[in-house]
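*Asks:* query-v2.txt is reproduced below (compact mmCIF, C-alpha atoms).
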# COMPACT_ATOMS: atom_id res chain seq x y z
CA MET A 1 0.00 0.00 0.00
CA ALA A 2 1.37 3.33 -1.00
CA ARG A 3 2.06 5.71 1.75
CA ILE A 4 2.34 9.44 1.58
CA ILE A 5 5.14 10.86 3.66
CA PHE A 6 4.99 14.55 4.35
CA LEU A 7 8.40 16.12 4.63
CA PHE A 8 8.21 19.37 6.49
CA LEU A 9 11.11 21.54 5.42
CA ILE A 10 10.50 24.48 7.69
CA PHE A 11 12.30 27.73 7.17
CA PRO A 12 11.40 30.76 9.25
CA SER A 13 9.35 33.28 7.31
CA ALA A 14 11.41 36.02 8.90
CA LEU A 15 14.77 35.94 10.57
CA CYS A 16 16.53 38.56 12.65
CA SER A 17 19.56 38.84 10.43
CA TYR A 18 20.92 42.25 11.39
CA ALA A 19 24.21 42.15 13.24
CA VAL A 20 25.58 44.97 15.38
CA THR A 21 27.87 45.92 12.50
CA ASP A 22 24.81 46.47 10.28
CA VAL A 23 23.47 49.16 12.62
CA TYR A 24 24.93 52.55 11.83
CA VAL A 25 24.36 55.92 13.48
CA PRO A 26 26.25 58.81 11.83
CA ASN A 27 29.18 60.17 13.88
CA CYS A 28 28.47 57.70 16.70
CA LYS A 29 29.94 54.51 18.13
CA VAL A 30 28.24 51.52 19.72
CA VAL A 31 28.16 51.54 23.52
CA LYS A 32 25.76 48.70 24.22
CA GLY A 33 24.37 46.00 21.94
CA SER A 34 22.89 47.55 18.86
CA PHE A 35 20.58 49.97 20.66
CA LEU A 36 22.76 52.49 22.55
CA PHE A 37 25.29 54.73 20.81
CA ALA A 38 27.40 57.71 21.86
CA ALA A 39 28.64 60.60 19.76
CA GLU A 40 32.32 60.11 18.94
CA THR A 41 33.12 63.57 20.25
CA GLU A 42 31.79 66.31 22.41
CA VAL A 43 29.40 68.62 20.55
CA THR A 44 31.41 71.28 18.73
CA ASN A 45 30.93 74.99 18.18
CA GLY A 46 30.35 74.23 14.50
CA GLN A 47 27.57 71.74 15.23
CA TYR A 48 25.89 74.13 17.65
CA LEU A 49 26.04 76.95 15.11
CA LEU A 50 24.21 74.75 12.58
CA PHE A 51 21.58 74.09 15.23
CA LEU A 52 21.22 77.80 16.00
CA ASN A 53 20.89 78.77 12.34
CA ASP A 54 18.19 76.14 11.82
CA GLN A 55 16.28 77.34 14.88
CA TYR A 56 16.44 80.92 13.66
CA ARG A 57 15.15 79.91 10.24
CA LYS A 58 12.28 77.84 11.64
CA HIS A 59 11.34 79.64 14.85
CA GLY A 60 12.65 83.17 14.63
CA ALA A 61 14.90 85.53 16.56
CA GLU A 62 13.39 85.00 20.01
CA CYS A 63 14.04 81.26 19.99
CA TYR A 64 17.50 81.86 18.55
CA SER A 65 18.39 84.33 21.30
CA SER A 66 17.24 81.96 24.05
CA LEU A 67 19.69 79.32 22.83
CA LEU A 68 22.81 81.49 22.59
CA PRO A 69 25.70 80.54 24.91
CA ASP A 70 26.61 82.80 27.81
CA THR A 71 30.03 83.89 26.56
CA SER A 72 30.46 86.17 29.59
CA ALA A 73 31.17 83.00 31.59
CA TRP A 74 34.72 83.21 30.24
CA LEU A 75 35.30 86.24 32.46
CA SER A 76 36.64 85.56 35.92
CA PRO A 77 38.60 87.72 38.39
CA GLY A 78 42.34 87.85 37.82
CA THR A 79 42.28 86.37 34.30
CA TYR A 80 42.45 87.84 30.82
CA CYS A 81 39.89 85.93 28.74
CA GLU A 82 38.38 88.73 26.64
CA PRO A 83 39.63 87.18 23.36
CA TYR A 84 37.78 83.94 24.16
CA LEU A 85 34.65 85.89 24.96
CA GLN A 86 34.79 87.49 21.51
CA TYR A 87 36.16 84.70 19.33
CA TYR A 88 35.79 81.25 20.92
CA PHE A 89 32.24 80.51 19.82
CA ARG A 90 32.03 82.15 16.39
CA HIS A 91 35.52 82.34 14.91
CA PRO A 92 36.15 79.63 12.24
CA ALA A 93 39.39 78.65 14.00
CA TYR A 94 37.29 77.24 16.86
CA ARG A 95 34.71 75.32 14.81
CA LEU A 96 36.05 71.93 15.96
CA TYR A 97 36.42 72.90 19.61
CA PRO A 98 33.86 71.73 22.19
CA MET A 99 30.76 73.82 22.77
CA VAL A 100 30.79 75.38 26.25
CA ASN A 101 28.89 78.00 28.25
CA VAL A 102 25.48 76.46 27.60
CA SER A 103 22.86 75.42 30.14
CA LYS A 104 21.45 71.94 30.47
CA ARG A 105 18.20 73.16 28.92
CA GLN A 106 20.09 74.43 25.87
CA ALA A 107 22.02 71.15 25.60
CA GLU A 108 18.74 69.22 25.71
CA ALA A 109 17.30 71.48 22.99
CA PHE A 110 20.27 70.58 20.80
CA CYS A 111 19.64 66.87 21.48
CA GLU A 112 16.00 67.27 20.43
CA TRP A 113 17.10 68.96 17.21
CA MET A 114 19.67 66.24 16.51
CA GLU A 115 16.97 63.62 17.06
CA VAL A 116 14.88 65.19 14.30
CA GLN A 117 17.90 65.29 11.94
CA LEU A 118 18.74 61.63 12.54
CA ASN A 119 15.17 60.38 12.25
CA GLU A 120 14.80 62.18 8.94
CA GLN A 121 17.91 60.36 7.72
CA PHE A 122 16.68 56.98 8.95
CA GLU A 123 13.46 57.37 6.98
CA LYS A 124 15.60 57.33 3.85
CA MET A 125 18.08 54.63 4.95
CA THR A 126 15.95 51.54 4.30
CA ASP A 127 18.99 49.25 3.97
CA GLN A 128 19.59 49.21 7.73
CA PRO A 129 17.33 48.31 10.68
CA ILE A 130 16.87 51.60 12.55
CA VAL A 131 13.49 53.28 12.13
CA SER A 132 13.67 55.94 14.86
CA VAL A 133 15.88 57.01 17.75
CA ASP A 134 15.84 59.07 20.93
CA VAL A 135 18.76 61.53 21.28
CA ARG A 136 19.52 62.69 24.80
CA LEU A 137 22.14 63.31 27.46
CA PRO A 138 23.46 60.08 29.00
CA THR A 139 22.72 58.83 32.47
CA ASP A 140 25.65 58.54 34.85
CA GLN A 141 25.69 54.76 34.39
CA GLU A 142 25.59 55.02 30.59
CA TRP A 143 28.40 57.56 30.54
CA GLN A 144 30.61 55.40 32.75
CA GLU A 145 29.91 52.35 30.59
CA ALA A 146 30.92 54.29 27.48
CA ALA A 147 34.07 55.59 29.15
CA ARG A 148 35.20 52.13 30.28
CA GLY A 149 35.22 50.92 26.68
CA GLY A 150 34.31 47.36 27.63
CA ASN A 151 36.77 47.12 30.55
CA ARG A 152 34.78 47.06 33.78
CA TYR A 153 37.95 47.71 35.81
CA ALA A 154 39.16 50.73 33.83
CA ILE A 155 40.24 53.74 35.88
CA PHE A 156 40.49 56.11 32.93
CA PRO A 157 39.15 55.77 29.38
CA TRP A 158 42.69 54.73 28.37
CA PRO A 159 44.73 51.72 29.57
CA GLY A 160 46.58 51.88 32.87
CA SER A 161 46.39 54.13 35.91
CA GLY A 162 48.62 57.00 34.73
CA MET A 163 48.15 60.14 32.68
CA ARG A 164 50.86 59.47 30.09
CA ASN A 165 50.96 57.28 27.01
CA THR A 166 53.05 54.15 27.54
CA THR A 167 53.37 53.00 23.91
CA GLN A 168 56.79 53.17 22.30
CA LYS A 169 55.77 55.64 19.60
CA HIS A 170 54.07 58.18 21.90
CA LYS A 171 55.69 57.33 25.21
CA GLY A 172 55.39 60.05 27.83
CA ARG A 173 52.76 62.15 26.08
CA PHE A 174 49.67 63.12 28.04
CA MET A 175 46.50 61.16 27.32
CA ALA A 176 44.10 64.02 28.01
CA ASN A 177 43.68 67.76 28.39
CA PHE A 178 43.81 68.56 32.12
CA SER A 179 45.63 70.64 34.72
CA ARG A 180 48.79 69.25 36.33
CA GLY A 181 48.52 71.72 39.20
CA GLN A 182 46.90 74.98 40.19
CA GLY A 183 47.18 77.29 37.18
CA ASP A 184 49.32 74.78 35.23
CA TYR A 185 47.19 74.10 32.14
CA MET A 186 49.95 73.33 29.64
CA GLY A 187 52.35 71.00 31.43
CA VAL A 188 56.09 71.14 30.85
CA THR A 189 57.60 72.76 27.77
CA GLY A 190 58.50 70.84 24.64
CA ASP A 191 56.63 67.77 23.40
CA LEU A 192 55.51 66.42 26.77
CA ASN A 193 52.65 68.80 27.53
CA ASP A 194 48.94 68.38 26.83
CA GLY A 195 49.00 70.85 23.95
CA ALA A 196 46.16 73.09 25.14
CA ASP A 197 45.81 76.01 27.51
CA ILE A 198 42.02 75.83 27.54
CA THR A 199 39.96 73.36 25.49
CA ALA A 200 41.45 71.34 22.64
CA PRO A 201 39.83 70.25 19.34
CA VAL A 202 37.40 67.41 20.00
CA ARG A 203 39.47 64.77 18.19
CA SER A 204 42.65 65.51 20.11
CA TYR A 205 44.49 62.72 21.95
CA TRP A 206 43.51 59.07 21.52
CA PRO A 207 40.01 57.50 21.48
CA ASN A 208 39.07 54.76 23.94
CA GLN A 209 38.27 51.17 22.97
CA PHE A 210 34.81 52.17 21.75
CA GLY A 211 36.29 54.89 19.53
CA LEU A 212 35.14 57.82 21.72
CA TYR A 213 37.34 60.89 22.18
CA ASN A 214 37.98 63.00 25.28
CA LEU A 215 35.61 61.33 27.69
CA SER A 216 37.98 62.50 30.40
CA GLY A 217 39.45 65.99 30.30
CA ASN A 218 38.84 68.77 27.78
CA VAL A 219 35.34 69.60 29.04
CA ALA A 220 33.26 67.98 31.75
CA GLU A 221 30.22 66.36 30.14
CA MET A 222 26.65 66.91 31.31
CA LEU A 223 24.52 63.99 32.48
CA GLN A 224 20.77 63.48 32.65
CA GLU A 225 21.00 63.78 36.42
CA GLU A 226 20.43 67.42 37.34
CA GLY A 227 23.59 69.36 38.17
CA ARG A 228 25.89 66.43 37.39
CA THR A 229 28.86 66.02 35.07
CA ARG A 230 31.54 63.42 34.47
CA GLY A 231 35.11 63.35 33.21
CA GLY A 232 36.57 66.59 34.50
CA SER A 233 37.74 69.49 32.32
CA TRP A 234 40.83 71.20 30.95
CA ALA A 235 41.21 72.90 34.34
CA SER A 236 40.64 69.75 36.46
CA ARG A 237 43.32 67.75 38.26
CA ALA A 238 43.94 64.10 37.35
CA PRO A 239 41.78 62.48 40.10
CA TYR A 240 38.70 64.24 38.71
CA LEU A 241 39.33 62.63 35.32
CA GLU A 242 38.85 59.12 36.72
CA ILE A 243 35.76 57.44 35.30
CA SER A 244 34.14 57.05 38.72
CA GLY A 245 35.94 60.06 40.20
CA VAL A 246 34.39 62.89 42.18
CA ASP A 247 32.39 65.34 40.08
CA PRO A 248 34.15 68.73 40.43
CA PHE A 249 31.02 70.51 39.14
CA ALA A 250 28.42 68.72 41.27
CA GLY A 251 25.37 70.93 41.64
CA PHE A 252 26.26 73.21 38.72
CA SER A 253 23.39 75.41 37.56
CA LYS A 254 25.12 78.02 35.42
CA PRO A 255 26.95 77.76 32.09
CA SER A 256 30.71 77.31 32.39
CA PRO A 257 33.69 77.33 29.99
CA GLU A 258 34.68 74.03 31.60
CA ILE A 259 31.38 72.21 30.89
CA GLY A 260 30.16 70.87 27.55
CA PHE A 261 28.13 67.85 26.48
CA ARG A 262 28.02 64.75 24.33
CA TYR A 263 24.76 63.27 23.05
CA PHE A 264 23.81 59.60 23.26
CA VAL A 265 21.47 57.87 20.80
CA GLU A 266 19.03 55.17 21.89
CA VAL A 267 17.26 53.12 19.23
CA VAL A 268 13.55 53.07 20.06
CA HIS A 269 12.10 51.49 16.93
CA ARG A 270 13.79 49.11 14.53
CA ARG A 271 12.88 46.68 11.79
CA ASP A 272 14.43 43.70 13.56
CA CYS A 273 13.41 41.05 11.09
CA LYS A 274 13.36 40.78 7.35
CA PRO A 275 12.09 37.93 5.15
CA ILE A 276 14.56 35.18 4.35
CA ARG A 277 12.50 32.22 3.07
CA LYS A 278 8.90 31.22 3.36
CA GLN A 279 7.77 27.96 4.95
CA LYS A 280 7.82 25.13 2.45
CA ILE A 281 5.94 21.84 2.85
CA THR A 282 6.45 19.01 0.40
CA ALA A 283 4.88 15.55 0.11
CA ARG A 284 6.28 12.43 -1.49
CA ARG A 285 4.47 9.16 -2.32
CA ILE A 286 6.36 5.99 -1.37
I'd like the structure from this file rewritten - as structure tokens, please.
*Replies:*
Amino acid sequence: MARIIFLFLIFPSALCSYAVTDVYVPNCKVVKGSFLFAAETEVTNGQYLLFLNDQYRKHGAECYSSLLPDTSAWLSPGTYCEPYLQYYFRHPAYRLYPMVNVSKRQAEAFCEWMEVQLNEQFEKMTDQPIVSVDVRLPTDQEWQEAARGGNRYAIFPWPGSGMRNTTQKHKGRFMANFSRGQGDYMGVTGDLNDGADITAPVRSYWPNQFGLYNLSGNVAEMLQEEGRTRGGSWASRAPYLEISGVDPFAGFSKPSPEIGFRYFVEVVHRRDCKPIRKQKITARRI
């Protein structure tokens, strides 16, 4: 007697085939899985100027004025910072320097604007899985995770417990922009200083294992937690640059030339699965 044997060759109708390497966020690096990214650098003067110009075009002069940095924060007793007050934010020579002297509200407004820019791009990028994202300041935990670069025991965003590069090619050079002592913002003369009296361009020094620049030093970076920063600034001593170090600006409420920000990107909607093969059922008579 003939028998009919059904051979079920089952293939999933959809398969989650996107790897972390398939997920791309412009100017960002992966911090966690394929859903949390951090900007490679601190937000620059040039980026903030683009944001301001767009706000002026869309919302007018009043909105524009409310988002301007407080350049008077450069002024402090006993120092001569008038040139920074005039040139630091707008002069083309400082386009790639970190944005400073903004409030947390202004930093969050920039993040909201960047979110719109990215989501408009993702609508057109149908060859990758991201549909929409949330752009925001990081939490303290997220910032520390990004700074550690995958090493849970890291003290600084770079290897080791010192402030100098230990590789043969760059041995002895400082790993970050910081203050060696009170009023000593440059370090020793010659090639063994940090190369900056105030801030340095955002891609100065060496990135950490995630590819992120200047997480410690240069400018302290705002967190979601009110009045909190991490990483220390160009005027901070080395202990404040430690990933879990004391926050020298704890409780800050006013703009400062030592405080900037870096945005993080969280994927909130993605097309996780795409068709691979449909289910196929065949029968054979024996």
*Asks:* Please, what distance in Å, to one decimal, runs between atom CA of Leu68 of chain A and atom CA of Asn101 of chain A?
*Replies:*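 It comes out at 9.0 Å.
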*Asks:* Please tell me which residues are no farther than 12 Å from (35.2, 62.4, 20.3) in the file, counting all atoms listed in the file, and write them as a ChimeraX atom specification.
*Replies:* /A:27-29,38-44,96-98,146-147,157,176,200-219,221,261-263
*Asks:* Excluding same-chain residues fewer than 6 positions from Tyr24 of chain A, what lies within 12 Å of it counting all atoms listed in the file, as a list in words?
*Replies:*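 Contacts, in chain order: Tyr18, Val30, Ser34, Phe35, Leu36, Phe37, Ala38, Ala39, Leu118, Gln121, Phe122, Met125, Thr126, Asp127, Gln128, Pro129, Ile130, Val131, Val133, Val265, Glu266, Val267 and Arg270 of chain A.
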*Asks:* For each of A:Asp197, A:Asp70, A:Glu123, A:Glu145, take the minimum atom-to-atom distance to Arg230 of chain A, counting only C-alpha atoms, then give the residue where this is smallest.
*Replies:*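 Selected residue with least distance to Arg230 of chain A: A:Glu145.
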*Asks:* So how far away is atom CA of Phe89 of chain A from atom CA of Arg228 of chain A, in Å?
*Replies:* 23.4 Å
*Asks:* Work out how far atom CA of Tyr240 of chain A is from atom CA of Gly227 of chain A, in Å to one decimal.
*Replies:*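 Atom-to-atom, atom CA of Gly227 of chain A to atom CA of Tyr240 of chain A, that is 16.0 Å.
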*Asks:* Would you compute an axis-aligned box for segment 150-162 of chain A, covering every atom listed for it in the file with 8 Å of margin on each side, and report centre and edge lengths in Å to one decimal as JSON?
*Replies:*
{"center_x": 41.5, "center_y": 52.0, "center_z": 31.8, "size_x": 30.3, "size_y": 25.9, "size_z": 24.3}
*Asks:* At a cut-off of 10 Å around the point (48.3, 59.9, 30.7) (file coordinates), what residues fall inside when counting only C-alpha atoms? I'd like the answer as a list of chain:residue names.
*Replies:*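 The distance filter leaves exactly A:Phe156, A:Trp158, A:Pro159, A:Gly160, A:Ser161, A:Gly162, A:Met163, A:Arg164, A:Asn165, A:Thr166, A:Lys171, A:Gly172, A:Arg173, A:Phe174, A:Met175, A:Ala176, A:Asn177, A:Phe178, A:Asp194, A:Tyr205, A:Ala238.
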*Asks:* Of the candidates A:Tyr88, A:Phe252, A:Tyr80, A:Phe110, which shows the shortest atom-to-atom distance to Leu67 of chain A, using all atoms listed in the file?
*Replies:* A:Phe110
*Asks:* Just the residues within 12 Å of segment 50-64 of chain A, please, counting all atoms listed in the file, with nothing from its chain fewer than 6 positions along; format it as a PDB file with C-alpha atoms, keeping the file's coordinate frame.
*Replies:*
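Everything below was put into part_19.pdb:
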ATOM      1  CA  VAL A  43      29.400  68.620  20.550  1.00  0.00           C
ATOM      2  CA  THR A  44      31.410  71.280  18.730  1.00  0.00           C
ATOM      3  CA  PHE A  89      32.240  80.510  19.820  1.00  0.00           C
ATOM      4  CA  ARG A  90      32.030  82.150  16.390  1.00  0.00           C
ATOM      5  CA  ARG A  95      34.710  75.320  14.810  1.00  0.00           C
ATOM      6  CA  MET A  99      30.760  73.820  22.770  1.00  0.00           C
ATOM      7  CA  GLN A 106      20.090  74.430  25.870  1.00  0.00           C
ATOM      8  CA  ALA A 107      22.020  71.150  25.600  1.00  0.00           C
ATOM      9  CA  GLU A 108      18.740  69.220  25.710  1.00  0.00           C
ATOM     10  CA  ALA A 109      17.300  71.480  22.990  1.00  0.00           C
ATOM     11  CA  PHE A 110      20.270  70.580  20.800  1.00  0.00           C
ATOM     12  CA  CYS A 111      19.640  66.870  21.480  1.00  0.00           C
ATOM     13  CA  GLU A 112      16.000  67.270  20.430  1.00  0.00           C
ATOM     14  CA  TRP A 113      17.100  68.960  17.210  1.00  0.00           C
ATOM     15  CA  MET A 114      19.670  66.240  16.510  1.00  0.00           C
ATOM     16  CA  GLU A 115      16.970  63.620  17.060  1.00  0.00           C
ATOM     17  CA  VAL A 116      14.880  65.190  14.300  1.00  0.00           C
ATOM     18  CA  GLN A 117      17.900  65.290  11.940  1.00  0.00           C
TER      19      GLN A 117
END
*Asks:* Determine the nearest neighbour of Val31 of chain A from the options A:Ser233, A:Gln144, A:Ser66, A:Ser244, counting only C-alpha atoms.
*Replies:* A:Gln144
*Asks:* Reconstruct N, CA and C atoms of segment 100-123 of chain A from the incomplete input and present them as an mmCIF file, in the frame of the given file.
*Replies:*
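Output contents, as saved in result.cif:
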data_model
loop_
_atom_site.group_PDB
_atom_site.id
_atom_site.type_symbol
_atom_site.label_atom_id
_atom_site.label_comp_id
_atom_site.auth_asym_id
_atom_site.auth_seq_id
_atom_site.Cartn_x
_atom_site.Cartn_y
_atom_site.Cartn_z
ATOM 1 N N VAL A 100 30.832 75.151 24.796
ATOM 2 C CA VAL A 100 30.790 75.380 26.250
ATOM 3 C C VAL A 100 29.856 76.548 26.531
ATOM 4 N N ASN A 101 29.690 76.846 27.803
ATOM 5 C CA ASN A 101 28.890 78.000 28.250
ATOM 6 C C ASN A 101 27.415 77.886 27.893
ATOM 7 N N VAL A 102 26.910 76.660 27.817
ATOM 8 C CA VAL A 102 25.480 76.460 27.600
ATOM 9 C C VAL A 102 24.867 75.810 28.838
ATOM 10 N N SER A 103 23.580 76.030 29.022
ATOM 11 C CA SER A 103 22.860 75.420 30.140
ATOM 12 C C SER A 103 22.429 74.011 29.757
ATOM 13 N N LYS A 104 21.960 73.282 30.750
ATOM 14 C CA LYS A 104 21.450 71.940 30.470
ATOM 15 C C LYS A 104 20.229 72.013 29.560
ATOM 16 N N ARG A 105 19.379 73.012 29.773
ATOM 17 C CA ARG A 105 18.200 73.160 28.920
ATOM 18 C C ARG A 105 18.605 73.383 27.466
ATOM 19 N N GLN A 106 19.613 74.177 27.231
ATOM 20 C CA GLN A 106 20.090 74.430 25.870
ATOM 21 C C GLN A 106 20.703 73.165 25.265
ATOM 22 N N ALA A 107 21.446 72.408 26.081
ATOM 23 C CA ALA A 107 22.020 71.150 25.600
ATOM 24 C C ALA A 107 20.915 70.170 25.214
ATOM 25 N N GLU A 108 19.858 70.115 26.005
ATOM 26 C CA GLU A 108 18.740 69.220 25.710
ATOM 27 C C GLU A 108 18.000 69.667 24.443
ATOM 28 N N ALA A 109 17.928 70.983 24.221
ATOM 29 C CA ALA A 109 17.300 71.480 22.990
ATOM 30 C C ALA A 109 18.109 71.052 21.779
ATOM 31 N N PHE A 110 19.431 71.071 21.894
ATOM 32 C CA PHE A 110 20.270 70.580 20.800
ATOM 33 C C PHE A 110 20.002 69.101 20.551
ATOM 34 N N CYS A 111 19.900 68.309 21.620
ATOM 35 C CA CYS A 111 19.640 66.870 21.480
ATOM 36 C C CYS A 111 18.315 66.630 20.752
ATOM 37 N N GLU A 112 17.302 67.417 21.091
ATOM 38 C CA GLU A 112 16.000 67.270 20.430
ATOM 39 C C GLU A 112 16.119 67.584 18.934
ATOM 40 N N TRP A 113 16.886 68.605 18.620
ATOM 41 C CA TRP A 113 17.100 68.960 17.210
ATOM 42 C C TRP A 113 17.860 67.853 16.479
ATOM 43 N N MET A 114 18.895 67.324 17.127
ATOM 44 C CA MET A 114 19.670 66.240 16.510
ATOM 45 C C MET A 114 18.797 65.004 16.300
ATOM 46 N N GLU A 115 17.884 64.754 17.209
ATOM 47 C CA GLU A 115 16.970 63.620 17.060
ATOM 48 C C GLU A 115 16.138 63.752 15.789
ATOM 49 N N VAL A 116 15.658 64.951 15.519
ATOM 50 C CA VAL A 116 14.880 65.190 14.300
ATOM 51 C C VAL A 116 15.757 64.955 13.064
ATOM 52 N N GLN A 117 17.000 65.453 13.089
ATOM 53 C CA GLN A 117 17.900 65.290 11.940
ATOM 54 C C GLN A 117 18.168 63.812 11.662
ATOM 55 N N LEU A 118 18.435 63.054 12.720
ATOM 56 C CA LEU A 118 18.740 61.630 12.540
ATOM 57 C C LEU A 118 17.523 60.858 12.059
ATOM 58 N N ASN A 119 16.372 61.123 12.649
ATOM 59 C CA ASN A 119 15.170 60.380 12.250
ATOM 60 C C ASN A 119 14.783 60.670 10.809
ATOM 61 N N GLU A 120 15.044 61.877 10.351
ATOM 62 C CA GLU A 120 14.800 62.180 8.940
ATOM 63 C C GLU A 120 15.726 61.370 8.043
ATOM 64 N N GLN A 121 16.969 61.173 8.495
ATOM 65 C CA GLN A 121 17.910 60.360 7.720
ATOM 66 C C GLN A 121 17.486 58.890 7.707
ATOM 67 N N PHE A 122 17.037 58.387 8.866
ATOM 68 C CA PHE A 122 16.680 56.980 8.950
ATOM 69 C C PHE A 122 15.462 56.639 8.104
ATOM 70 N N GLU A 123 14.606 57.608 7.871
ATOM 71 C CA GLU A 123 13.460 57.370 6.980
ATOM 72 C C GLU A 123 13.932 57.030 5.572
#
